[in-house]
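The file coords.cif comes next; it holds mmCIF, C-alpha atoms (C1' of nucleotides).
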```cif
data_start
loop_
_atom_site.label_atom_id
_atom_site.label_comp_id
_atom_site.auth_asym_id
_atom_site.auth_seq_id
_atom_site.Cartn_x
_atom_site.Cartn_y
_atom_site.Cartn_z
CA MET A 1 -70.29 -71.12 44.55
CA ALA A 2 -69.40 -69.22 41.39
CA ASN A 3 -71.39 -70.52 38.49
CA ASN A 4 -69.74 -68.69 35.64
CA LEU A 5 -66.78 -70.64 34.39
CA ASP A 6 -65.54 -67.94 32.02
CA PRO A 7 -62.79 -66.75 34.40
CA VAL A 8 -61.71 -70.35 34.84
CA TRP A 9 -61.32 -70.83 31.10
CA LYS A 10 -59.37 -67.57 30.89
CA ALA A 11 -57.14 -68.64 33.76
CA LEU A 12 -56.47 -72.01 32.17
CA SER A 13 -55.59 -70.49 28.80
CA ASP A 14 -52.12 -69.51 30.01
CA PRO A 15 -49.42 -72.21 30.02
CA THR A 16 -47.65 -70.75 33.07
CA ARG A 17 -50.84 -70.90 35.09
CA ARG A 18 -51.48 -74.48 34.01
CA ALA A 19 -47.92 -75.29 35.10
CA ILE A 20 -48.62 -73.74 38.50
CA LEU A 21 -51.69 -75.93 38.86
CA ASP A 22 -49.63 -78.96 37.85
CA LEU A 23 -47.19 -78.00 40.58
CA LEU A 24 -49.93 -77.63 43.18
CA ARG A 25 -51.24 -81.04 42.24
CA THR A 26 -48.34 -82.45 44.25
CA GLY A 27 -49.48 -80.57 47.34
CA PRO A 28 -49.83 -77.05 48.77
CA LYS A 29 -46.94 -74.64 48.24
CA ILE A 30 -46.03 -71.27 49.67
CA THR A 31 -45.80 -68.39 47.21
CA THR A 32 -42.02 -68.31 47.26
CA GLU A 33 -41.81 -71.99 46.38
CA ILE A 34 -43.99 -71.39 43.33
CA VAL A 35 -41.96 -68.34 42.35
CA GLU A 36 -38.73 -70.33 42.52
CA ALA A 37 -40.17 -72.94 40.21
CA PHE A 38 -40.18 -70.31 37.45
CA PRO A 39 -36.67 -68.83 37.39
CA ASP A 40 -37.19 -67.24 33.98
CA MET A 41 -39.86 -64.94 35.35
CA THR A 42 -39.84 -62.20 37.94
CA ARG A 43 -41.50 -62.78 41.27
CA HIS A 44 -44.21 -60.30 40.43
CA ALA A 45 -45.11 -61.97 37.17
CA VAL A 46 -45.59 -65.29 38.94
CA MET A 47 -47.55 -63.63 41.74
CA LYS A 48 -49.87 -62.07 39.19
CA HIS A 49 -50.55 -65.49 37.77
CA ILE A 50 -51.31 -66.77 41.26
CA ASP A 51 -53.70 -63.83 41.71
CA VAL A 52 -55.55 -64.81 38.54
CA LEU A 53 -55.78 -68.40 39.74
CA ARG A 54 -57.13 -67.26 43.09
CA ASP A 55 -59.66 -64.89 41.48
CA SER A 56 -60.99 -67.75 39.40
CA ASP A 57 -61.19 -69.97 42.48
CA LEU A 58 -58.70 -72.49 41.14
CA VAL A 59 -56.33 -71.80 44.03
CA ASN A 60 -57.08 -71.18 47.68
CA THR A 61 -54.69 -69.17 49.81
CA ARG A 62 -54.44 -69.15 53.55
CA GLU A 63 -52.01 -67.06 55.53
CA GLU A 64 -49.71 -68.49 58.11
CA GLY A 65 -47.53 -65.82 59.63
CA ARG A 66 -45.70 -64.14 56.83
CA ARG A 67 -46.24 -67.07 54.53
CA ARG A 68 -49.11 -67.63 52.10
CA ILE A 69 -49.96 -71.23 51.52
CA ASN A 70 -51.50 -71.89 48.12
CA SER A 71 -53.48 -75.02 47.51
CA LEU A 72 -55.26 -76.39 44.49
CA ASN A 73 -59.02 -76.36 44.25
CA PRO A 74 -59.94 -79.01 41.67
CA VAL A 75 -63.67 -78.21 41.74
CA PRO A 76 -63.75 -75.70 38.84
CA ILE A 77 -61.76 -78.10 36.68
CA ARG A 78 -64.27 -80.79 37.39
CA GLN A 79 -67.08 -78.38 36.52
CA ILE A 80 -65.50 -77.56 33.19
CA TYR A 81 -65.31 -81.21 32.43
CA GLU A 82 -68.84 -81.97 33.49
CA ARG A 83 -70.57 -78.96 32.00
CA TRP A 84 -68.66 -78.46 28.82
CA MET A 85 -66.46 -81.40 27.87
CA GLY A 86 -68.96 -84.03 28.86
CA PRO A 87 -71.29 -83.36 25.91
CA PHE A 88 -68.35 -83.63 23.54
CA SER A 89 -67.24 -86.93 24.98
CA GLU A 90 -70.16 -88.56 23.20
CA LEU A 91 -68.34 -87.80 19.96
CA TRP A 92 -65.11 -89.37 21.18
CA SER A 93 -66.53 -92.81 20.74
CA SER A 94 -68.23 -92.13 17.44
CA THR A 95 -67.31 -93.84 14.21
CA LEU A 96 -66.32 -90.54 12.65
CA LEU A 97 -63.68 -90.00 15.28
CA ARG A 98 -62.20 -93.44 14.84
CA ILE A 99 -61.91 -92.83 11.10
CA LYS A 100 -60.19 -89.54 11.76
CA ASP A 101 -57.74 -91.18 14.16
CA ASP A 102 -56.90 -93.81 11.58
CA VAL A 103 -56.21 -91.19 8.94
CA GLU A 104 -54.10 -89.03 11.20
CA GLY A 105 -52.42 -91.65 13.29
CA MET B 1 -50.80 -84.39 14.30
CA ALA B 2 -50.14 -81.23 16.24
CA ASN B 3 -48.88 -82.06 19.70
CA ASN B 4 -48.89 -78.65 21.28
CA LEU B 5 -52.26 -77.95 22.80
CA ASP B 6 -51.51 -74.32 23.66
CA PRO B 7 -53.44 -72.93 20.67
CA VAL B 8 -56.35 -75.17 21.61
CA TRP B 9 -56.45 -73.76 25.14
CA LYS B 10 -56.27 -70.23 23.73
CA ALA B 11 -59.07 -70.99 21.30
CA LEU B 12 -61.26 -72.43 24.03
CA SER B 13 -60.73 -69.46 26.34
CA ASP B 14 -63.22 -67.34 24.39
CA PRO B 15 -66.93 -67.87 25.14
CA THR B 16 -67.99 -67.08 21.57
CA ARG B 17 -65.70 -69.76 20.22
CA ARG B 18 -66.99 -72.28 22.74
CA ALA B 19 -70.52 -71.38 21.62
CA ILE B 20 -69.52 -72.01 18.00
CA LEU B 21 -68.22 -75.43 18.98
CA ASP B 22 -71.45 -76.11 20.85
CA LEU B 23 -73.31 -75.19 17.67
CA LEU B 24 -71.17 -77.47 15.54
CA ARG B 25 -71.82 -80.31 17.93
CA THR B 26 -75.26 -80.57 16.32
CA GLY B 27 -73.68 -81.07 12.90
CA PRO B 28 -71.64 -79.25 10.21
CA LYS B 29 -72.66 -75.71 9.35
CA ILE B 30 -71.75 -73.31 6.57
CA THR B 31 -70.06 -70.08 7.60
CA THR B 32 -73.17 -67.96 7.05
CA GLU B 33 -75.24 -70.20 9.28
CA ILE B 34 -72.73 -69.73 12.08
CA VAL B 35 -72.62 -65.97 11.49
CA GLU B 36 -76.40 -65.75 11.73
CA ALA B 37 -76.33 -67.51 15.08
CA PHE B 38 -74.51 -64.47 16.51
CA PRO B 39 -76.64 -61.46 15.53
CA ASP B 40 -74.90 -59.19 18.02
CA MET B 41 -71.61 -59.52 16.19
CA THR B 42 -70.48 -58.54 12.74
CA ARG B 43 -69.85 -61.21 10.16
CA HIS B 44 -66.14 -60.53 10.24
CA ALA B 45 -65.85 -60.91 13.97
CA VAL B 46 -67.48 -64.33 13.78
CA MET B 47 -65.34 -65.34 10.82
CA LYS B 48 -62.22 -64.42 12.74
CA HIS B 49 -63.33 -66.71 15.54
CA ILE B 50 -63.85 -69.49 13.01
CA ASP B 51 -60.33 -68.82 11.71
CA VAL B 52 -58.92 -69.26 15.20
CA LEU B 53 -60.84 -72.50 15.64
CA ARG B 54 -59.53 -73.76 12.31
CA ASP B 55 -55.95 -72.77 13.11
CA SER B 56 -56.13 -74.73 16.33
CA ASP B 57 -57.56 -77.73 14.48
CA LEU B 58 -60.83 -77.67 16.40
CA VAL B 59 -62.77 -77.06 13.21
CA ASN B 60 -62.31 -78.50 9.75
CA THR B 61 -63.46 -76.57 6.71
CA ARG B 62 -64.13 -77.89 3.26
CA GLU B 63 -65.27 -75.79 0.34
CA GLU B 64 -68.29 -76.63 -1.73
CA GLY B 65 -68.84 -74.10 -4.45
CA ARG B 66 -69.12 -70.71 -2.84
CA ARG B 67 -69.94 -72.25 0.50
CA ARG B 68 -67.55 -73.27 3.29
CA ILE B 69 -68.73 -76.16 5.37
CA ASN B 70 -67.36 -76.12 8.91
CA SER B 71 -67.34 -79.26 11.00
CA LEU B 72 -66.23 -80.01 14.52
CA ASN B 73 -63.06 -81.95 15.22
CA PRO B 74 -63.40 -83.34 18.75
CA VAL B 75 -59.88 -84.79 18.86
CA PRO B 76 -58.10 -81.80 20.47
CA ILE B 77 -60.79 -81.60 23.13
CA ARG B 78 -60.26 -85.22 23.95
CA GLN B 79 -56.50 -84.65 24.09
CA ILE B 80 -56.94 -81.81 26.56
CA TYR B 81 -59.01 -84.04 28.72
CA GLU B 82 -56.63 -86.98 28.55
CA ARG B 83 -53.36 -85.13 28.88
CA TRP B 84 -54.28 -82.42 31.30
CA MET B 85 -57.57 -82.97 33.05
CA GLY B 86 -57.08 -86.68 33.55
CA PRO B 87 -54.39 -86.25 36.22
CA PHE B 88 -56.67 -83.88 38.11
CA SER B 89 -59.56 -86.27 38.01
CA GLU B 90 -57.78 -88.33 40.63
CA LEU B 91 -58.42 -85.49 43.03
CA TRP B 92 -62.11 -85.37 42.22
CA SER B 93 -62.68 -88.51 44.18
CA SER B 94 -60.11 -87.91 46.88
CA THR B 95 -60.81 -87.41 50.53
CA LEU B 96 -59.25 -83.97 50.37
CA LEU B 97 -61.86 -82.86 47.89
CA ARG B 98 -64.70 -84.15 49.99
CA ILE B 99 -63.36 -82.33 53.03
CA LYS B 100 -63.02 -79.19 50.98
CA ASP B 101 -66.57 -79.49 49.69
CA ASP B 102 -67.82 -79.88 53.24
CA VAL B 103 -65.94 -76.82 54.44
CA GLU B 104 -67.04 -74.60 51.56
CA GLY B 105 -70.50 -75.94 51.01
"C1'" DT C 1 -33.59 -54.92 67.79
"C1'" DA C 2 -31.65 -55.08 63.34
"C1'" DG C 3 -31.50 -57.49 59.30
"C1'" DT C 4 -33.41 -60.84 56.44
"C1'" DT C 5 -37.46 -63.08 54.61
"C1'" DA C 6 -42.06 -63.20 52.49
"C1'" DC C 7 -45.25 -60.83 50.33
"C1'" DG C 8 -47.94 -56.53 48.62
"C1'" DT C 9 -49.03 -52.15 45.88
"C1'" DT C 10 -48.67 -49.03 42.29
"C1'" DA C 11 -47.43 -47.57 37.94
"C1'" DC C 12 -45.70 -48.15 33.56
"C1'" DT C 13 -44.55 -50.72 29.18
"C1'" DC C 14 -45.41 -53.91 25.24
"C1'" DT C 15 -47.93 -57.32 22.89
"C1'" DT C 16 -51.99 -59.71 21.83
"C1'" DT C 17 -56.73 -60.00 21.02
"C1'" DG C 18 -61.45 -58.88 19.69
"C1'" DA C 19 -63.97 -56.19 16.82
"C1'" DT C 20 -65.07 -52.76 13.15
"C1'" DT C 21 -64.99 -50.65 8.56
"C1'" DA C 22 -64.15 -50.62 3.80
"C1'" DC C 23 -63.07 -52.88 -0.22
"C1'" DA C 24 -62.61 -57.09 -3.14
"C1'" DT C 25 -63.42 -61.75 -5.26
"C1'" DA C 26 -65.84 -65.83 -6.57
"C1'" DT C 27 -70.06 -68.58 -7.25
"C1'" DT C 28 -74.64 -69.33 -8.72
"C1'" DG C 29 -79.59 -68.91 -9.80
"C1'" DG C 30 -82.81 -66.62 -12.83
"C1'" DC D 1 -75.03 -62.48 -18.43
"C1'" DC D 2 -76.19 -60.08 -14.08
"C1'" DA D 3 -77.58 -59.45 -9.59
"C1'" DA D 4 -77.64 -61.53 -5.32
"C1'" DT D 5 -75.09 -64.63 -2.38
"C1'" DA D 6 -71.00 -66.32 0.20
"C1'" DT D 7 -66.74 -65.45 1.53
"C1'" DG D 8 -62.04 -63.15 1.71
"C1'" DT D 9 -58.34 -59.39 2.60
"C1'" DA D 10 -56.42 -55.20 4.63
"C1'" DA D 11 -56.17 -51.44 7.62
"C1'" DT D 12 -57.41 -49.74 11.87
"C1'" DC D 13 -58.70 -49.24 16.85
"C1'" DA D 14 -59.68 -50.12 21.67
"C1'" DA D 15 -59.19 -53.09 25.42
"C1'" DA D 16 -57.12 -56.70 27.87
"C1'" DG D 17 -53.10 -59.41 29.15
"C1'" DA D 18 -48.33 -60.37 30.42
"C1'" DG D 19 -44.35 -58.65 32.21
"C1'" DT D 20 -41.06 -55.31 34.47
"C1'" DA D 21 -39.57 -51.84 37.84
"C1'" DA D 22 -39.64 -49.27 42.04
"C1'" DC D 23 -41.10 -48.85 46.47
"C1'" DG D 24 -43.32 -50.47 50.77
"C1'" DT D 25 -44.94 -53.43 54.81
"C1'" DA D 26 -45.26 -57.10 58.03
"C1'" DA D 27 -43.16 -61.03 60.36
"C1'" DC D 28 -39.63 -63.96 61.86
"C1'" DT D 29 -34.91 -64.85 63.71
"C1'" DA D 30 -30.41 -64.45 65.24
#
```
Could you quickly redo this structure as C-alpha cells?
Amino acid sequence: MANNLDPVWKALSDPTRRAILDLLRTGPKITTEIVEAFPDMTRHAVMKHIDVLRDSDLVNTREEGRRRINSLNPVPIRQIYERWMGPFSELWSSTLLRIKDDVEG
Amino acid sequence: MANNLDPVWKALSDPTRRAILDLLRTGPKITTEIVEAFPDMTRHAVMKHIDVLRDSDLVNTREEGRRRINSLNPVPIRQIYERWMGPFSELWSSTLLRIKDDVEG
DNA sequence: TAGTTACGTTACTCTTTGATTACATATTGG
DNA sequence: CCAATATGTAATCAAAGAGTAACGTAACTA
C-alpha cells in the first residue's frame, strides 16, 4: 500500500477530478460515461484526469473487452482524513472556533 | 464567509503549506518563526506559502509592531471534511470497502 | 468483414506555480 | 538616532499542470 499521500492531495486539488470522484461515488463507470459527463472538455482531457486519479490510487480500472471500468477507491480519502485532518478536528470543538463561527456566521 | 473551497484545496495540495498548518496547530507563530522552521527554503518562498494560506483563509494574520502573528483558522478544513469527505465516509464502513481491502491486502 | 465503438499514444501549446534574487520599508532596542 | 530586526514588493525563471490536436489500435457488431 502506498504510504505517501502527496499524490492524493495533488489529485484532489483539481475540481474536475473531485467531480469525477463524486460521480464514481454512485457506482463504477466506464471511461466513456465519465467523458460524457464533462461535455465542455475533450475526451483526452478527461482521460488525463482519470490517469491522475488512477496513479494516485483513488480509482481502480479493470478492463472488460474494449471497455475500461473505473471504480472509486475510498481508502486514500480515508487515510487523508485519519492522518491529516484528524489532528485538526480537535480544534473544531474548541472555544476559539465557536467564537469565530459566531463572528462570521 | 467564502463558500468556494477551491482555493483551500489548492492551498492544501502543497506539502510545505500542510507542514506550516501542522506547525500552527501548536499555536500562533510570527512569520520569522515559520521561516526558520524551513531552513532549506528561502524566506521569500516560505512567505509566499503563507500568503497562499492567508488568501485561502486558512491562516489569519494580525500585525503587532514590526511582527506579523500568524494563526491557524481550522474552519475551512472542517468545511472540506463536512462538504466533501463526509459523503465518502459512508463508503468507509461499507461492505464494498471491506471486500476491496481483503482483495488488496 | 467492414464500420463503428472504446480507448491509447505522442507531441505540442499555454498557464500556473514554486522558488530565487535584488531592492525597499518600517519598527525597535541600545 | 542608528543599526539590527522583521517584513514587503518586483522582476525573473524553471518546472509542472491542464488542455488540445493528430494519429493509431483493439474489440465488438451488424
Practice problem: Would you write out, as an NGL selection string, every residue that the PyMOL selection byres ((chain B) within 9 of (chain D)) captures in this file? | Solution: :B and (31-32 or 66-68)
Quiz item: Taking the file as shown, what set of residues would the PyMOL selection byres ((chain B) within 12 of (chain C)) give back, as number ranges by chain?
Solution: B: 10-11, 13-17, 40-49, 52, 63-68
Find the residues of chain A that sit at most 9 Å from chain B; for each, write down the nearest two atoms and how far apart they are in Å, to one decimal. Count all atoms listed in the file. Sort by chain, then by number going up, and give it as JSON lines.
```
{"residue": "A:Met1", "atom": "CA", "partner": "B:Gly105", "partner_atom": "CA", "distance": 8.1}
{"residue": "A:Asp6", "atom": "CA", "partner": "B:Pro15", "partner_atom": "CA", "distance": 7.0}
{"residue": "A:Pro7", "atom": "CA", "partner": "B:Ser13", "partner_atom": "CA", "distance": 8.7}
{"residue": "A:Val8", "atom": "CA", "partner": "B:Ser13", "partner_atom": "CA", "distance": 8.6}
{"residue": "A:Trp9", "atom": "CA", "partner": "B:Ser13", "partner_atom": "CA", "distance": 5.0}
{"residue": "A:Lys10", "atom": "CA", "partner": "B:Ser13", "partner_atom": "CA", "distance": 5.1}
{"residue": "A:Ala11", "atom": "CA", "partner": "B:Ser13", "partner_atom": "CA", "distance": 8.3}
{"residue": "A:Leu12", "atom": "CA", "partner": "B:Trp9", "partner_atom": "CA", "distance": 7.2}
{"residue": "A:Ser13", "atom": "CA", "partner": "B:Trp9", "partner_atom": "CA", "distance": 5.0}
{"residue": "A:Asp14", "atom": "CA", "partner": "B:Lys10", "partner_atom": "CA", "distance": 7.6}
{"residue": "A:Pro15", "atom": "CA", "partner": "B:Asp6", "partner_atom": "CA", "distance": 7.0}
{"residue": "A:Arg18", "atom": "CA", "partner": "B:Trp84", "partner_atom": "CA", "distance": 8.8}
{"residue": "A:Asp22", "atom": "CA", "partner": "B:Phe88", "partner_atom": "CA", "distance": 8.6}
{"residue": "A:Arg25", "atom": "CA", "partner": "B:Phe88", "partner_atom": "CA", "distance": 7.4}
{"residue": "A:Asn73", "atom": "CA", "partner": "B:Leu97", "partner_atom": "CA", "distance": 8.0}
{"residue": "A:Pro74", "atom": "CA", "partner": "B:Trp92", "partner_atom": "CA", "distance": 6.7}
{"residue": "A:Val75", "atom": "CA", "partner": "B:Trp92", "partner_atom": "CA", "distance": 7.3}
{"residue": "A:Ile77", "atom": "CA", "partner": "B:Met85", "partner_atom": "CA", "distance": 7.4}
{"residue": "A:Arg78", "atom": "CA", "partner": "B:Trp92", "partner_atom": "CA", "distance": 7.0}
{"residue": "A:Tyr81", "atom": "CA", "partner": "B:Tyr81", "partner_atom": "CA", "distance": 7.8}
{"residue": "A:Trp84", "atom": "CA", "partner": "B:Asp22", "partner_atom": "CA", "distance": 8.8}
{"residue": "A:Met85", "atom": "CA", "partner": "B:Ile77", "partner_atom": "CA", "distance": 7.4}
{"residue": "A:Pro87", "atom": "CA", "partner": "B:Arg25", "partner_atom": "CA", "distance": 8.6}
{"residue": "A:Phe88", "atom": "CA", "partner": "B:Pro74", "partner_atom": "CA", "distance": 6.9}
{"residue": "A:Ser89", "atom": "CA", "partner": "B:Arg78", "partner_atom": "CA", "distance": 7.3}
{"residue": "A:Leu91", "atom": "CA", "partner": "B:Pro74", "partner_atom": "CA", "distance": 6.8}
{"residue": "A:Trp92", "atom": "CA", "partner": "B:Pro74", "partner_atom": "CA", "distance": 6.7}
{"residue": "A:Leu97", "atom": "CA", "partner": "B:Val75", "partner_atom": "CA", "distance": 7.4}
{"residue": "A:Lys100", "atom": "CA", "partner": "B:Val75", "partner_atom": "CA", "distance": 8.5}
{"residue": "A:Asp101", "atom": "CA", "partner": "B:Val75", "partner_atom": "CA", "distance": 8.2}
{"residue": "A:Glu104", "atom": "CA", "partner": "B:Met1", "partner_atom": "CA", "distance": 6.5}
{"residue": "A:Gly105", "atom": "CA", "partner": "B:Met1", "partner_atom": "CA", "distance": 7.5}
```
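Computed from the coordinates, the CA of Thr61 in chain B to CA of Ile20 in chain B distance equals 13.6 Å.
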Exercise. Go ahead and compute the interatomic distance for CA of Asn70 in chain B and CA of Pro39 in chain B, in Å to one decimal.
Key: 18.6 Å
Quiz prompt | Gap from CA of Gly27 in chain B to CA of Ser71 in chain B - Å, one decimal | solution = 6.9 Å
Practice problem: Pick out the closest residue to Pro76 in chain B from this set: B:Val35, B:Leu58, B:Thr26, B:Asp51. Count only C-alpha atoms. | Solution: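 The shortest atom-to-atom distance to Pro76 in chain B comes from B:Leu58.
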Atoms added to range 20-32 of chain A (N, CA and C atoms), reported as a PDB file, in the frame of the given file:
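Produced file part_35.pdb, reproduced below:
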```
ATOM      1  N   ILE A  20     -48.472 -73.966  37.065  1.00  0.00           N
ATOM      2  CA  ILE A  20     -48.620 -73.740  38.500  1.00  0.00           C
ATOM      3  C   ILE A  20     -49.615 -74.744  39.083  1.00  0.00           C
ATOM      4  N   LEU A  21     -50.703 -74.961  38.375  1.00  0.00           N
ATOM      5  CA  LEU A  21     -51.690 -75.930  38.860  1.00  0.00           C
ATOM      6  C   LEU A  21     -51.101 -77.339  38.883  1.00  0.00           C
ATOM      7  N   ASP A  22     -50.304 -77.656  37.858  1.00  0.00           N
ATOM      8  CA  ASP A  22     -49.630 -78.960  37.850  1.00  0.00           C
ATOM      9  C   ASP A  22     -48.749 -79.100  39.098  1.00  0.00           C
ATOM     10  N   LEU A  23     -48.059 -77.997  39.413  1.00  0.00           N
ATOM     11  CA  LEU A  23     -47.190 -78.000  40.580  1.00  0.00           C
ATOM     12  C   LEU A  23     -47.982 -78.217  41.861  1.00  0.00           C
ATOM     13  N   LEU A  24     -49.112 -77.541  41.960  1.00  0.00           N
ATOM     14  CA  LEU A  24     -49.930 -77.630  43.180  1.00  0.00           C
ATOM     15  C   LEU A  24     -50.621 -78.991  43.295  1.00  0.00           C
ATOM     16  N   ARG A  25     -50.658 -79.713  42.190  1.00  0.00           N
ATOM     17  CA  ARG A  25     -51.240 -81.040  42.240  1.00  0.00           C
ATOM     18  C   ARG A  25     -50.452 -81.953  43.184  1.00  0.00           C
ATOM     19  N   THR A  26     -49.174 -81.647  43.360  1.00  0.00           N
ATOM     20  CA  THR A  26     -48.340 -82.450  44.250  1.00  0.00           C
ATOM     21  C   THR A  26     -48.491 -82.046  45.703  1.00  0.00           C
ATOM     22  N   GLY A  27     -49.276 -81.011  45.967  1.00  0.00           N
ATOM     23  CA  GLY A  27     -49.480 -80.570  47.340  1.00  0.00           C
ATOM     24  C   GLY A  27     -49.386 -79.062  47.458  1.00  0.00           C
ATOM     25  N   PRO A  28     -49.864 -78.502  48.569  1.00  0.00           N
ATOM     26  CA  PRO A  28     -49.830 -77.050  48.770  1.00  0.00           C
ATOM     27  C   PRO A  28     -48.400 -76.517  48.752  1.00  0.00           C
ATOM     28  N   LYS A  29     -48.263 -75.285  48.324  1.00  0.00           N
ATOM     29  CA  LYS A  29     -46.940 -74.640  48.240  1.00  0.00           C
ATOM     30  C   LYS A  29     -47.074 -73.194  48.703  1.00  0.00           C
ATOM     31  N   ILE A  30     -46.024 -72.688  49.357  1.00  0.00           N
ATOM     32  CA  ILE A  30     -46.030 -71.270  49.670  1.00  0.00           C
ATOM     33  C   ILE A  30     -45.637 -70.490  48.429  1.00  0.00           C
ATOM     34  N   THR A  31     -45.998 -69.209  48.403  1.00  0.00           N
ATOM     35  CA  THR A  31     -45.800 -68.390  47.210  1.00  0.00           C
ATOM     36  C   THR A  31     -44.353 -68.434  46.723  1.00  0.00           C
ATOM     37  N   THR A  32     -43.421 -68.318  47.659  1.00  0.00           N
ATOM     38  CA  THR A  32     -42.020 -68.310  47.260  1.00  0.00           C
ATOM     39  C   THR A  32     -41.609 -69.611  46.573  1.00  0.00           C
TER      40      THR A  32
END
```
